[in-house]
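Structure data (mmCIF, C-alpha atoms and all ligand atoms) from input-v9.cif:
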data_my_file
loop_
_atom_site.label_atom_id
_atom_site.label_comp_id
_atom_site.auth_asym_id
_atom_site.auth_seq_id
_atom_site.Cartn_x
_atom_site.Cartn_y
_atom_site.Cartn_z
CA GLN K 1 148.77 123.98 117.04
CA HIS K 2 149.47 122.94 113.47
CA TRP K 3 151.53 120.00 114.64
CA PHE K 4 148.92 119.05 117.17
CA SER K 5 146.19 118.82 114.53
CA THR K 6 148.53 116.90 112.25
CA LEU K 7 149.11 114.49 115.09
CA LEU K 8 145.39 114.04 115.61
CA PHE K 9 144.94 113.45 111.92
CA MET K 10 147.68 110.80 112.01
CA GLU K 11 146.02 109.04 114.91
CA ASP K 12 142.72 109.10 113.08
CA LEU K 13 144.31 107.61 110.01
CA ARG K 14 146.00 104.90 112.02
CA GLU K 15 142.62 103.91 113.43
CA ARG K 16 141.06 103.89 110.01
CA VAL K 17 143.87 101.85 108.54
CA ARG K 18 143.94 99.30 111.29
CA ALA K 19 140.32 98.19 111.26
CA PRO K 20 140.23 96.53 107.83
CA VAL K 21 143.46 94.65 108.44
CA LYS K 22 141.54 92.49 110.88
CA ILE K 23 138.85 91.77 108.36
CA PHE K 24 141.14 91.08 105.46
CA SER K 25 142.99 88.09 106.81
CA ARG K 26 144.41 86.91 103.50
CA PRO K 27 148.17 86.24 103.68
CA PRO K 28 150.18 89.25 102.50
CA ILE K 29 150.40 89.48 98.73
CA LYS K 30 153.65 90.89 97.42
CA GLY K 31 153.56 93.86 95.10
CA GLY K 32 150.18 95.35 95.88
CA LEU K 33 146.70 93.91 96.06
CA ALA K 34 146.75 91.13 93.51
CA LYS K 35 144.57 91.58 90.46
CA GLN K 36 142.62 88.47 91.29
CA ALA K 37 141.81 89.61 94.82
CA ALA K 38 140.69 92.98 93.49
CA ALA K 39 138.49 91.31 90.91
CA GLU K 40 136.91 89.12 93.58
CA LEU K 41 136.23 92.10 95.78
CA GLN K 42 134.76 94.05 92.89
CA LYS K 43 132.47 91.15 92.07
CA LYS K 44 131.33 90.93 95.66
CA LEU K 45 130.56 94.64 95.85
CA GLU K 46 128.71 94.58 92.54
CA SER K 47 126.64 91.56 93.43
CA LEU K 48 125.69 93.27 96.67
CA GLU K 49 124.30 96.17 94.64
CA ASN K 50 122.39 93.83 92.38
CA ILE K 51 120.80 91.49 94.88
CA PRO K 52 117.19 91.00 93.76
CA LEU K 53 114.47 91.68 96.29
CA ASP K 54 110.94 90.78 95.24
CA ILE K 55 108.15 91.71 97.57
CA ALA K 56 104.63 90.44 96.90
CA ILE K 57 101.70 92.61 97.97
CA THR K 58 98.44 90.75 98.01
CA GLY K 59 94.91 91.40 99.19
CA GLU K 60 91.40 92.04 98.00
CA SER K 61 90.54 94.67 95.45
CA GLY K 62 90.41 98.09 97.09
CA ALA K 63 92.45 96.99 100.14
CA GLY K 64 95.09 99.61 99.39
CA LYS K 65 97.78 97.43 97.74
CA SER K 66 98.65 99.86 94.98
CA SER K 67 98.77 102.81 97.36
CA PHE K 68 101.07 100.87 99.70
CA ILE K 69 103.36 99.98 96.79
CA ASN K 70 103.63 103.63 95.79
CA ALA K 71 104.33 104.66 99.36
CA ILE K 72 107.19 102.18 99.67
CA LEU K 73 108.60 103.26 96.32
CA GLY K 74 108.40 106.87 97.47
CA LEU K 75 106.11 107.70 94.53
CA HIS K 76 103.01 109.79 94.31
CA ASP K 77 100.00 107.99 92.77
CA ASP K 78 100.31 110.12 89.59
CA ASP K 79 104.08 109.71 89.18
CA GLU K 80 105.55 107.83 86.29
CA GLY K 81 106.17 104.23 87.27
CA ALA K 82 103.60 104.38 90.08
CA ALA K 83 100.87 101.77 90.51
CA LYS K 84 97.40 102.91 89.43
CA THR K 85 95.16 103.43 92.42
CA GLY K 86 91.51 104.17 92.89
CA VAL K 87 88.11 102.82 93.59
CA ALA K 88 87.58 101.27 90.16
CA GLN K 89 90.90 99.53 89.60
CA THR K 90 90.25 96.03 88.38
CA THR K 91 93.48 94.57 86.97
CA MET K 92 93.67 90.91 87.78
CA GLU K 93 97.19 90.33 86.45
CA PRO K 94 100.19 90.37 88.78
CA THR K 95 102.21 93.51 88.01
CA ALA K 96 105.77 94.25 89.12
CA TYR K 97 106.80 97.80 90.04
CA PRO K 98 110.55 98.37 90.12
CA HIS K 99 112.07 100.79 92.62
CA PRO K 100 112.92 104.10 90.90
CA ARG K 101 116.57 103.99 92.04
CA LEU K 102 117.15 100.28 92.63
CA PRO K 103 115.65 98.37 89.71
CA ASN K 104 116.58 95.06 91.32
CA VAL K 105 114.06 95.81 94.07
CA LYS K 106 110.51 95.13 92.89
CA LEU K 107 107.12 95.32 94.51
CA CYS K 108 104.59 93.09 92.90
CA ASP K 109 100.87 93.77 92.99
CA LEU K 110 99.09 90.41 93.30
CA PRO K 111 95.35 91.00 92.97
CA GLY K 112 92.61 88.42 92.88
CA ILE K 113 92.13 87.39 96.50
CA GLY K 114 88.52 87.27 97.53
CA THR K 115 87.08 86.59 94.10
CA PRO K 116 84.50 83.77 94.14
CA ARG K 117 86.81 81.29 92.42
CA PHE K 118 89.74 82.04 94.71
CA GLN K 119 91.72 79.00 95.85
CA ALA K 120 94.88 79.75 97.79
CA ASP K 121 97.08 76.90 96.52
CA LYS K 122 96.13 77.34 92.86
CA TYR K 123 96.49 81.08 93.22
CA LEU K 124 100.06 80.81 94.52
CA ASN K 125 101.07 78.58 91.64
CA GLN K 126 99.48 80.96 89.19
CA VAL K 127 101.39 83.95 90.53
CA LYS K 128 104.65 81.93 90.70
CA PHE K 129 105.03 82.32 94.45
CA ASN K 130 108.60 81.12 94.33
CA ASN K 131 109.71 84.38 92.70
CA TYR K 132 109.02 86.34 95.89
CA ASP K 133 111.11 86.84 98.99
CA PHE K 134 108.11 87.44 101.21
CA PHE K 135 104.41 88.32 101.09
CA ILE K 136 102.47 91.20 102.56
CA ILE K 137 98.77 90.46 102.97
CA VAL K 138 96.80 93.71 103.02
CA SER K 139 93.29 94.27 104.30
CA ALA K 140 91.39 97.47 105.01
CA THR K 141 88.67 95.62 106.90
CA ARG K 142 88.29 92.30 108.70
CA PHE K 143 90.67 89.50 107.83
CA THR K 144 88.87 86.45 106.49
CA SER K 145 89.66 82.82 105.83
CA HIS K 146 90.81 83.92 102.35
CA HIS K 147 93.71 85.73 103.96
CA THR K 148 94.54 83.00 106.44
CA THR K 149 94.38 80.08 104.03
CA LEU K 150 96.61 82.04 101.70
CA ALA K 151 99.02 82.67 104.57
CA ARG K 152 99.04 78.97 105.44
CA GLU K 153 99.88 78.06 101.85
CA ILE K 154 102.63 80.67 101.75
CA HIS K 155 104.05 79.23 104.96
CA LYS K 156 103.85 75.68 103.59
CA MET K 157 105.92 76.80 100.65
CA GLY K 158 108.63 77.99 102.99
CA LYS K 159 108.04 81.72 102.59
CA ARG K 160 107.26 84.41 105.12
CA PHE K 161 104.12 86.54 105.24
CA TYR K 162 103.03 89.64 107.13
CA TYR K 163 99.52 90.93 107.73
CA VAL K 164 99.00 94.63 107.16
CA ARG K 165 95.84 96.41 108.24
CA SER K 166 95.63 99.41 105.92
CA LYS K 167 93.77 102.75 106.02
CA VAL K 168 93.80 103.11 109.82
CA ASP K 169 93.54 106.86 109.28
CA ASN K 170 89.93 106.23 108.19
CA ASP K 171 89.17 104.34 111.42
CA LEU K 172 90.77 107.04 113.53
CA ASN K 173 88.82 109.78 111.78
CA ALA K 174 85.57 107.96 112.39
CA GLU K 175 86.40 107.40 116.08
CA LYS K 176 87.44 111.03 116.53
CA ARG K 177 83.77 111.99 116.46
CA LYS K 178 83.32 110.28 119.79
CA LYS K 179 83.69 112.29 122.98
CA ASN K 180 86.42 110.40 124.82
CA PHE K 181 88.56 109.62 121.77
CA ASN K 182 92.06 108.37 122.48
CA GLU K 183 94.32 107.51 119.52
CA VAL K 184 96.56 104.99 121.27
CA ARG K 185 93.59 103.18 122.74
CA THR K 186 91.75 103.11 119.42
CA LEU K 187 94.79 101.71 117.61
CA GLN K 188 95.21 99.06 120.27
CA LYS K 189 91.56 98.12 119.87
CA ILE K 190 91.95 97.73 116.10
CA ARG K 191 95.07 95.62 116.64
CA GLU K 192 93.34 93.34 119.14
CA ASP K 193 90.32 93.05 116.91
CA CYS K 194 92.48 92.03 113.92
CA ILE K 195 94.30 89.43 116.01
CA LYS K 196 91.06 88.05 117.35
CA ASN K 197 89.51 87.80 113.93
CA LEU K 198 92.67 86.26 112.41
CA ARG K 199 92.60 83.61 115.17
CA GLU K 200 88.97 82.89 114.38
CA ALA K 201 89.88 82.55 110.71
CA GLY K 202 92.48 79.93 111.64
CA GLU K 203 95.75 81.86 112.05
CA ALA K 204 97.83 80.31 114.83
CA SER K 205 100.25 83.17 115.52
CA PRO K 206 98.85 86.41 114.19
CA ARG K 207 101.03 89.50 113.86
CA VAL K 208 99.42 92.58 112.36
CA PHE K 209 100.89 95.93 111.37
CA LEU K 210 98.56 98.93 111.26
CA LEU K 211 99.33 101.62 108.78
CA CYS K 212 98.26 104.39 106.50
CA SER K 213 100.03 104.58 103.15
CA TRP K 214 99.78 108.37 103.13
CA GLU K 215 101.53 108.69 106.47
CA LEU K 216 104.15 105.94 106.42
CA ALA K 217 106.09 107.60 109.24
CA ASN K 218 103.15 106.96 111.59
CA TYR K 219 101.58 103.89 113.23
CA ASP K 220 103.25 100.48 112.77
CA PHE K 221 105.26 101.01 109.61
CA GLN K 222 108.53 101.33 111.50
CA LEU K 223 107.78 98.14 113.37
CA LEU K 224 107.01 96.36 110.10
CA GLN K 225 110.21 97.65 108.57
CA GLU K 226 112.30 96.51 111.55
CA THR K 227 110.61 93.12 111.59
CA LEU K 228 111.38 92.64 107.90
CA GLU K 229 114.99 93.73 108.44
CA ASN K 230 115.42 91.17 111.20
CA GLU K 231 113.94 88.39 109.14
CA LEU K 232 115.83 89.02 105.89
CA ASP K 233 119.33 87.67 105.28
CA ASP K 234 122.28 90.11 105.31
CA GLN K 235 122.38 90.81 101.60
CA LYS K 236 118.65 91.28 101.16
CA ARG K 237 118.59 93.45 104.29
CA HIS K 238 121.19 95.71 102.70
CA VAL K 239 119.09 96.40 99.58
CA PHE K 240 115.90 96.58 101.60
CA ILE K 241 117.28 99.31 103.86
CA LEU K 242 118.58 101.26 100.88
CA ALA K 243 115.17 100.99 99.21
CA ILE K 244 113.05 102.36 102.10
CA PRO K 245 111.88 105.94 101.53
CA ASN K 246 113.63 108.60 103.62
CA ILE K 247 110.71 109.31 105.92
CA SER K 248 112.43 109.48 109.30
CA ALA K 249 115.71 110.39 110.95
CA LYS K 250 116.05 106.79 112.03
CA ILE K 251 115.88 105.48 108.46
CA LEU K 252 118.53 107.96 107.37
CA GLU K 253 120.79 106.76 110.18
CA LYS K 254 120.26 103.16 109.16
CA LYS K 255 121.13 103.92 105.56
CA LYS K 256 124.26 105.66 106.68
CA ALA K 257 125.33 102.68 108.79
CA GLU K 258 124.63 100.33 105.90
CA LEU K 259 126.74 102.37 103.46
CA GLN K 260 129.47 102.87 106.02
CA GLU K 261 129.90 99.16 106.49
CA HIS K 262 131.21 98.77 102.96
CA ILE K 263 133.60 101.71 102.86
CA TRP K 264 136.59 99.59 103.78
CA ALA K 265 135.89 97.21 100.90
CA VAL K 266 135.55 100.07 98.44
CA ALA K 267 138.78 101.57 99.73
CA LEU K 268 140.55 98.28 99.40
CA LEU K 269 139.30 98.03 95.86
CA SER K 270 140.70 101.44 95.07
CA CYS K 271 144.18 100.07 95.77
CA GLY K 272 143.95 97.34 93.24
CA ILE K 273 142.63 98.91 90.11
CA GLY K 274 143.10 102.02 88.06
CA VAL K 275 145.19 103.91 90.57
CA LEU K 276 145.61 107.46 89.28
CA PRO K 277 148.06 110.06 90.47
CA VAL K 278 146.42 113.28 91.61
CA PRO K 279 148.23 116.21 89.99
CA GLY K 280 150.20 118.34 92.41
CA LEU K 281 149.71 116.05 95.36
CA SER K 282 151.80 113.31 96.77
CA LEU K 283 148.93 110.86 96.81
CA VAL K 284 147.19 108.49 94.54
CA CYS K 285 143.68 107.21 94.54
CA ASP K 286 141.00 106.04 92.20
CA ILE K 287 138.89 109.09 91.42
CA ALA K 288 136.28 107.13 89.46
CA ILE K 289 135.54 104.97 92.50
CA LEU K 290 135.10 108.07 94.65
CA VAL K 291 132.77 109.72 92.12
CA PHE K 292 130.69 106.56 91.80
CA HIS K 293 130.21 106.01 95.52
CA MET K 294 129.66 109.65 96.47
CA LYS K 295 126.90 109.84 93.86
CA ARG K 296 125.41 106.68 95.29
CA TYR K 297 125.40 108.11 98.81
CA CYS K 298 123.58 111.22 97.60
CA GLU K 299 120.97 109.16 95.80
CA ALA K 300 120.43 106.87 98.78
CA PHE K 301 119.73 109.96 100.91
CA GLY K 302 117.48 111.57 98.30
CA LEU K 303 120.02 114.32 97.59
CA ASP K 304 119.38 114.36 93.86
CA ASP K 305 117.16 116.57 91.73
CA GLU K 306 114.55 113.93 91.02
CA SER K 307 114.04 112.91 94.66
CA LEU K 308 114.04 116.48 95.91
CA THR K 309 111.50 117.55 93.29
CA ARG K 310 109.26 114.65 94.28
CA LEU K 311 109.62 115.41 97.98
CA ALA K 312 108.87 119.09 97.36
CA GLN K 313 105.65 118.14 95.59
CA GLN K 314 104.64 115.74 98.33
CA VAL K 315 105.07 118.28 101.11
CA ASP K 316 103.88 121.13 98.91
CA LYS K 317 106.95 123.31 99.33
CA PRO K 318 109.20 124.92 96.72
CA VAL K 319 112.14 122.67 95.87
CA ALA K 320 114.47 125.65 96.39
CA GLU K 321 113.40 125.78 100.02
CA LEU K 322 114.46 122.16 100.54
CA LYS K 323 117.70 122.71 98.65
CA SER K 324 118.51 125.78 100.72
CA VAL K 325 119.36 123.67 103.77
CA ILE K 326 121.90 121.52 101.91
CA LYS K 327 125.14 122.98 103.15
CA LYS K 328 127.99 120.57 102.61
CA SER K 329 127.32 117.92 99.98
CA PRO K 330 126.42 118.84 96.42
CA LEU K 331 123.58 117.06 94.62
CA ALA K 332 124.34 113.73 92.97
CA SER K 333 124.48 115.31 89.51
CA GLU K 334 127.17 117.77 90.61
CA ILE K 335 129.60 115.10 91.72
CA THR K 336 132.20 114.94 89.00
CA LYS K 337 135.85 114.07 88.76
CA ASP K 338 136.70 117.76 89.07
CA PHE K 339 134.60 118.13 92.19
CA VAL K 340 136.34 115.17 93.82
CA LEU K 341 139.76 116.53 92.86
CA THR K 342 138.93 119.88 94.45
CA VAL K 343 137.79 118.26 97.68
CA LEU K 344 140.85 116.07 97.67
CA SER K 345 143.29 118.93 97.36
CA ARG K 346 141.38 120.91 99.98
CA SER K 347 141.24 118.16 102.56
CA ALA K 348 144.71 116.92 101.74
CA CYS K 349 146.86 120.01 102.35
CA GLY K 350 149.91 119.46 104.50
CA ALA K 351 148.48 116.61 106.47
CA LEU K 352 148.69 114.16 103.62
CA MET K 353 152.39 114.78 103.33
CA VAL K 354 152.80 112.63 106.41
CA LEU K 355 150.76 109.81 104.94
CA GLU K 356 153.60 107.87 103.40
CA PHE K 357 155.47 108.21 106.64
CA ILE K 358 152.58 106.77 108.66
CA LEU K 359 152.03 103.90 106.30
CA ASN K 360 155.56 102.69 106.85
CA PHE K 361 154.68 102.26 110.49
CA VAL K 362 151.45 100.34 110.09
CA PRO K 363 152.16 96.69 110.65
CA GLY K 364 150.53 94.28 108.25
CA LEU K 365 149.90 96.84 105.57
CA GLY K 366 153.11 96.15 103.71
CA TYR K 367 151.23 94.05 101.20
CA LEU K 368 149.25 97.05 100.08
CA ALA K 369 152.50 98.63 98.90
CA GLY K 370 151.64 101.45 96.51
CA GLY K 371 147.95 101.01 97.25
CA GLY K 372 148.27 102.02 100.90
CA ILE K 373 147.90 105.70 100.27
CA SER K 374 145.00 105.11 97.98
CA PHE K 375 143.34 103.00 100.63
CA VAL K 376 143.66 105.61 103.35
CA THR K 377 142.62 108.47 101.08
CA THR K 378 139.59 106.70 99.66
CA ARG K 379 138.46 105.61 103.08
CA TYR K 380 138.91 109.04 104.56
CA MET K 381 137.16 110.76 101.67
CA LEU K 382 134.18 108.42 101.60
CA GLN K 383 133.74 108.54 105.36
CA SER K 384 133.75 112.33 105.54
CA PHE K 385 131.51 112.64 102.52
CA LEU K 386 129.04 110.12 103.97
CA ASP K 387 128.97 112.02 107.28
CA GLU K 388 128.23 115.28 105.51
CA ALA K 389 125.64 113.88 103.12
CA ALA K 390 123.82 112.21 106.03
CA LYS K 391 123.73 115.50 107.94
CA ASP K 392 122.37 117.33 104.90
CA ALA K 393 119.74 114.66 104.36
CA GLN K 394 118.59 115.07 107.96
CA LYS K 395 118.29 118.83 107.43
CA VAL K 396 116.24 118.31 104.26
CA LEU K 397 113.92 115.96 106.11
CA THR K 398 113.48 118.41 108.99
CA LYS K 399 112.74 121.19 106.50
CA ALA K 400 110.26 119.02 104.62
CA LEU K 401 108.37 118.14 107.80
CA GLU K 402 108.39 121.69 109.17
CA PRO K 403 104.95 123.31 109.29
CA ARG K 404 104.59 125.60 106.31
CA ALA K 405 105.02 129.33 106.84
CA GLU K 406 101.86 131.10 105.73
N1 LIG K 501 92.22 106.80 103.86
C1 LIG K 501 93.03 106.00 103.17
N2 LIG K 501 92.68 105.60 101.93
C2 LIG K 501 93.50 104.77 101.27
C3 LIG K 501 94.72 104.33 101.83
N3 LIG K 501 95.32 103.50 100.94
C4 LIG K 501 94.51 103.47 99.87
N4 LIG K 501 93.43 104.23 100.04
C5 LIG K 501 92.33 104.45 99.08
O1 LIG K 501 91.63 103.25 98.88
C6 LIG K 501 91.27 103.06 97.52
C7 LIG K 501 91.84 101.77 96.97
O2 LIG K 501 93.24 101.85 97.02
P1 LIG K 501 94.19 101.03 96.03
O3 LIG K 501 95.57 101.30 96.49
O4 LIG K 501 93.86 101.34 94.61
O5 LIG K 501 93.74 99.53 96.38
P2 LIG K 501 94.05 98.16 95.61
O6 LIG K 501 92.85 97.86 94.79
O7 LIG K 501 94.24 97.15 96.70
O8 LIG K 501 95.28 98.35 94.80
C8 LIG K 501 91.80 104.29 96.79
O9 LIG K 501 90.78 105.21 96.62
C9 LIG K 501 92.87 104.81 97.71
O10 LIG K 501 93.04 106.20 97.57
C10 LIG K 501 95.07 104.77 103.16
O11 LIG K 501 96.10 104.42 103.74
N5 LIG K 501 94.17 105.59 103.78
MG MG K 502 95.56 98.02 92.78
#
Produce structure tokens that represent the structure in this file.
Ligand SMILES: Nc1nc2c(ncn2[C@@H]2O[C@H](COP(=O)(O)OP(=O)(O)O)[C@@H](O)[C@H]2O)c(=O)[nH]1
Ligand SMILES: [Mg+2]
Amino acid sequence: QHWFSTLLFMEDLRERVRAPVKIFSRPPIKGGLAKQAAAELQKKLESLENIPLDIAITGESGAGKSSFINAILGLHDDDEGAAKTGVAQTTMEPTAYPHPRLPNVKLCDLPGIGTPRFQADKYLNQVKFNNYDFFIIVSATRFTSHHTTLAREIHKMGKRFYYVRSKVDNDLNAEKRKKNFNEVRTLQKIREDCIKNLREAGEASPRVFLLCSWELANYDFQLLQETLENELDDQKRHVFILAIPNISAKILEKKKAELQEHIWAVALLSCGIGVLPVPGLSLVCDIAILVFHMKRYCEAFGLDDESLTRLAQQVDKPVAELKSVIKKSPLASEITKDFVLTVLSRSACGALMVLEFILNFVPGLGYLAGGGISFVTTRYMLQSFLDEAAKDAQKVLTKALEPRAE
């Protein structure tokens, strides 16, 4: 049985080792991954983390812009760094709100539509439209020619825009008083009405997303999110997905896939720089890289004290209750060099003894030389950690959404 599981492990490793060889089609470099190649890879990974994403939220005063911004940032209206909301909010200056975890992602509140002196082209120059990747035009009521002329100007300037109809919870509540209320039918009616009135205001191809900022998981938010994903380029899509709040199982899965895609590159990087021997084991790998990325995974999934505390407040449950379902992965703050070393020695055991042996038999990996073991170990460690963290994040979400025990 022991040999059988070792065999399975070997097969698994072979699979994991083979995949990146296809991607990394550089001619073999003698004596390990050359410093220059490692530096290039590092730069690429870092720039991926730091891609700026600037989203403009525009609409009339009271449309729900600030509330929408807070919802996307995963913040409560009273949290630090949240946009001020309320009936009497009258700031007329564009204000940028950075994402609490990803400061390169910013949502910008662009007020001022609908004021008597509003002129779409002048307005866009004033707010420096070119700084934004796309625009979200929010309205809680009928769309008017203010919205559509603005959209036309945005389009002329080569940028994308999306219409959002906010506060649909209000409309549904009002309709609920009627006898033959039907939610799906009511939503469809609001959608059709928006499209009709956008057409009348001059919009040629209206697309509207209905939502409520207090219940992002409902209505058209998922559709909006998927539409944005499809229309962003690869790098922006990566940061966008990582920035979305963890409100559904589907979003967690997407984040996992996004993080998974870069494991091979991280593993490759671990071969080139700062390779450390792990005491008592016949393997080497870059512990700092593992610590850094494991922490990042936890934070992306909201498995850190700050996110959990915020979530607990939002769902009105004790934070300990949410933490109680986290079984495998520790919180971001608990991921240290020592933690990684413990996991390494636990998961390594006898199986890693065969690693060197396997690597001799993997064609095309000769150029990794001493880095081969590091590559396999890093990849294996990150993959299993990501799997576990994703599972824990799903459990936390389920717990958060569970009806409260009285
Ligand atoms: N029912 C409901 N009210 C909302 C929603 N979004 C915002 N509001 C309320 O509408 C008012 C104006 O919202 P705010 O976000 O400050 O609008 P802004 O002026 O466009 O930034 C506030 O009282 C919010 O609480 C929503 O999705 N549903
Ligand atoms: Mg506001």
Item to check | Test item: residues at most 10 Å from range 191-200 of chain K, all atoms listed in the file, excluding those fewer than 3 positions along its chain, as a list in words | outcome: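 My reading of the contact set: Ser139, Thr141, Arg142, Phe143, Thr144, Ser145, His147, Thr148, Tyr163, Val164, Arg165, Arg185, Thr186, Leu187, Gln188, Glu203, Ala204, Ser205, Pro206, Arg207, Val208, Phe209 and Leu210 of chain K.
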Proximity check chain K to ligand MG 502 (chain K), 7 Å, nearest pairs one decimal Å, only C-alpha atoms and all ligand atoms, as CSV:
residue,atom,partner,partner_atom,distance
K:Ser61,CA,K:MG502,MG,6.6
K:Gly62,CA,K:MG502,MG,6.7
K:Gly64,CA,K:MG502,MG,6.8
K:Lys65,CA,K:MG502,MG,5.5
K:Ser66,CA,K:MG502,MG,4.2
K:Ala83,CA,K:MG502,MG,6.9
K:Lys84,CA,K:MG502,MG,6.2
K:Thr85,CA,K:MG502,MG,5.4
K:Gln89,CA,K:MG502,MG,5.8
K:Asp109,CA,K:MG502,MG,6.8
Item to check | At most 9 Å from ligand LIG 501 (chain K) (only C-alpha atoms and all ligand atoms): residue list as JSON, numbers by chain | outcome: {"K": [57, 58, 59, 60, 61, 62, 63, 64, 65, 66, 67, 68, 69, 70, 77, 83, 84, 85, 86, 87, 88, 89, 90, 91, 109, 110, 111, 138, 139, 140, 166, 167, 168, 169, 170, 171, 211, 212, 213, 214, 215, 216]}
Item to check | Length of the CA of Glu153 in chain K to CA of Ala120 in chain K vector [Å] | outcome: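 CA of Ala120 in chain K lies 6.7 Å from CA of Glu153 in chain K.
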Checklist entry - So how many Å separate CA of Val325 in chain K and CA of Met381 in chain K, to one decimal? => result 22.1 Å
Item to check | Pairwise distance for CA of Phe129 in chain K and CA of Glu80 in chain K, rounded to one decimal in Å | outcome: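 Between CA of Phe129 in chain K and CA of Glu80 in chain K the gap works out to 26.8 Å.
If you measure from each of K:Leu172, K:Ala300, K:Leu107, K:Ile55 to Lys189 in chain K using all atoms listed in the file, the closest one turns out to be K:Leu172.
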Checklist entry - Neighbours of range 333-349 of chain K within 8 Å (only C-alpha atoms; same-chain residues fewer than 5 positions away dropped), as a ChimeraX atom specification? => result /K:278,281,287-288,290-291,294-295,304-305,381
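For the residues K:Leu150, K:Ala393, K:Leu382, K:Met157, ranking by smallest atom-to-atom distance to Ala265 in chain K using all atoms listed in the file places K:Leu382 first.
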Item to check | Near-Leu53 in chain K list (12 Å; all atoms listed in the file; drop same-chain fewer than 3 positions) as a PyMOL selection string | outcome: chain K and resi 48-50+56+96-99+102-108+131-135+232-233+235-243
Next on the checklist: Restricting the calculation to all atoms listed in the file: of K:Leu308, K:Leu75, K:Cys298, K:Ser248, which residue gets closest to Phe385 in chain K?
Outcome noted: K:Cys298
At the level of all heavy atoms, write range 388-392 of chain K to a file as a PDB file, in the first residue's frame, please.
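Full text of decode.pdb as output:
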ATOM      1  N   GLU K 388      -7.183  23.881  -0.349  1.00  0.00           N
ATOM      2  CA  GLU K 388      -7.721  23.879   1.015  1.00  0.00           C
ATOM      3  C   GLU K 388      -8.311  25.236   1.393  1.00  0.00           C
ATOM      4  O   GLU K 388      -9.383  25.313   1.993  1.00  0.00           O
ATOM      5  CB  GLU K 388      -6.629  23.468   2.000  1.00  0.00           C
ATOM      6  CG  GLU K 388      -6.358  21.981   1.913  1.00  0.00           C
ATOM      7  CD  GLU K 388      -5.155  21.536   2.697  1.00  0.00           C
ATOM      8  OE1 GLU K 388      -4.498  22.394   3.325  1.00  0.00           O
ATOM      9  OE2 GLU K 388      -4.872  20.329   2.682  1.00  0.00           O
ATOM     10  N   ALA K 389      -7.601  26.299   1.027  1.00  0.00           N
ATOM     11  CA  ALA K 389      -8.091  27.637   1.367  1.00  0.00           C
ATOM     12  C   ALA K 389      -9.427  27.893   0.667  1.00  0.00           C
ATOM     13  O   ALA K 389     -10.354  28.463   1.242  1.00  0.00           O
ATOM     14  CB  ALA K 389      -7.060  28.685   0.980  1.00  0.00           C
ATOM     15  N   ALA K 390      -9.546  27.434  -0.586  1.00  0.00           N
ATOM     16  CA  ALA K 390     -10.794  27.640  -1.328  1.00  0.00           C
ATOM     17  C   ALA K 390     -11.943  26.903  -0.654  1.00  0.00           C
ATOM     18  O   ALA K 390     -13.052  27.430  -0.538  1.00  0.00           O
ATOM     19  CB  ALA K 390     -10.627  27.172  -2.767  1.00  0.00           C
ATOM     20  N   LYS K 391     -11.668  25.681  -0.180  1.00  0.00           N
ATOM     21  CA  LYS K 391     -12.705  24.902   0.507  1.00  0.00           C
ATOM     22  C   LYS K 391     -13.132  25.610   1.783  1.00  0.00           C
ATOM     23  O   LYS K 391     -14.319  25.709   2.091  1.00  0.00           O
ATOM     24  CB  LYS K 391     -12.173  23.502   0.850  1.00  0.00           C
ATOM     25  CG  LYS K 391     -12.375  22.504  -0.274  1.00  0.00           C
ATOM     26  CD  LYS K 391     -11.990  21.109   0.190  1.00  0.00           C
ATOM     27  CE  LYS K 391     -11.309  20.363  -0.944  1.00  0.00           C
ATOM     28  NZ  LYS K 391     -10.251  19.465  -0.511  1.00  0.00           N
ATOM     29  N   ASP K 392     -12.164  26.098   2.542  1.00  0.00           N
ATOM     30  CA  ASP K 392     -12.480  26.804   3.785  1.00  0.00           C
ATOM     31  C   ASP K 392     -13.296  28.068   3.504  1.00  0.00           C
ATOM     32  O   ASP K 392     -14.235  28.380   4.227  1.00  0.00           O
ATOM     33  CB  ASP K 392     -11.196  27.178   4.539  1.00  0.00           C
ATOM     34  CG  ASP K 392     -10.666  25.987   5.341  1.00  0.00           C
ATOM     35  OD1 ASP K 392     -11.457  25.078   5.646  1.00  0.00           O
ATOM     36  OD2 ASP K 392      -9.462  25.970   5.646  1.00  0.00           O
TER      37      ASP K 392
END
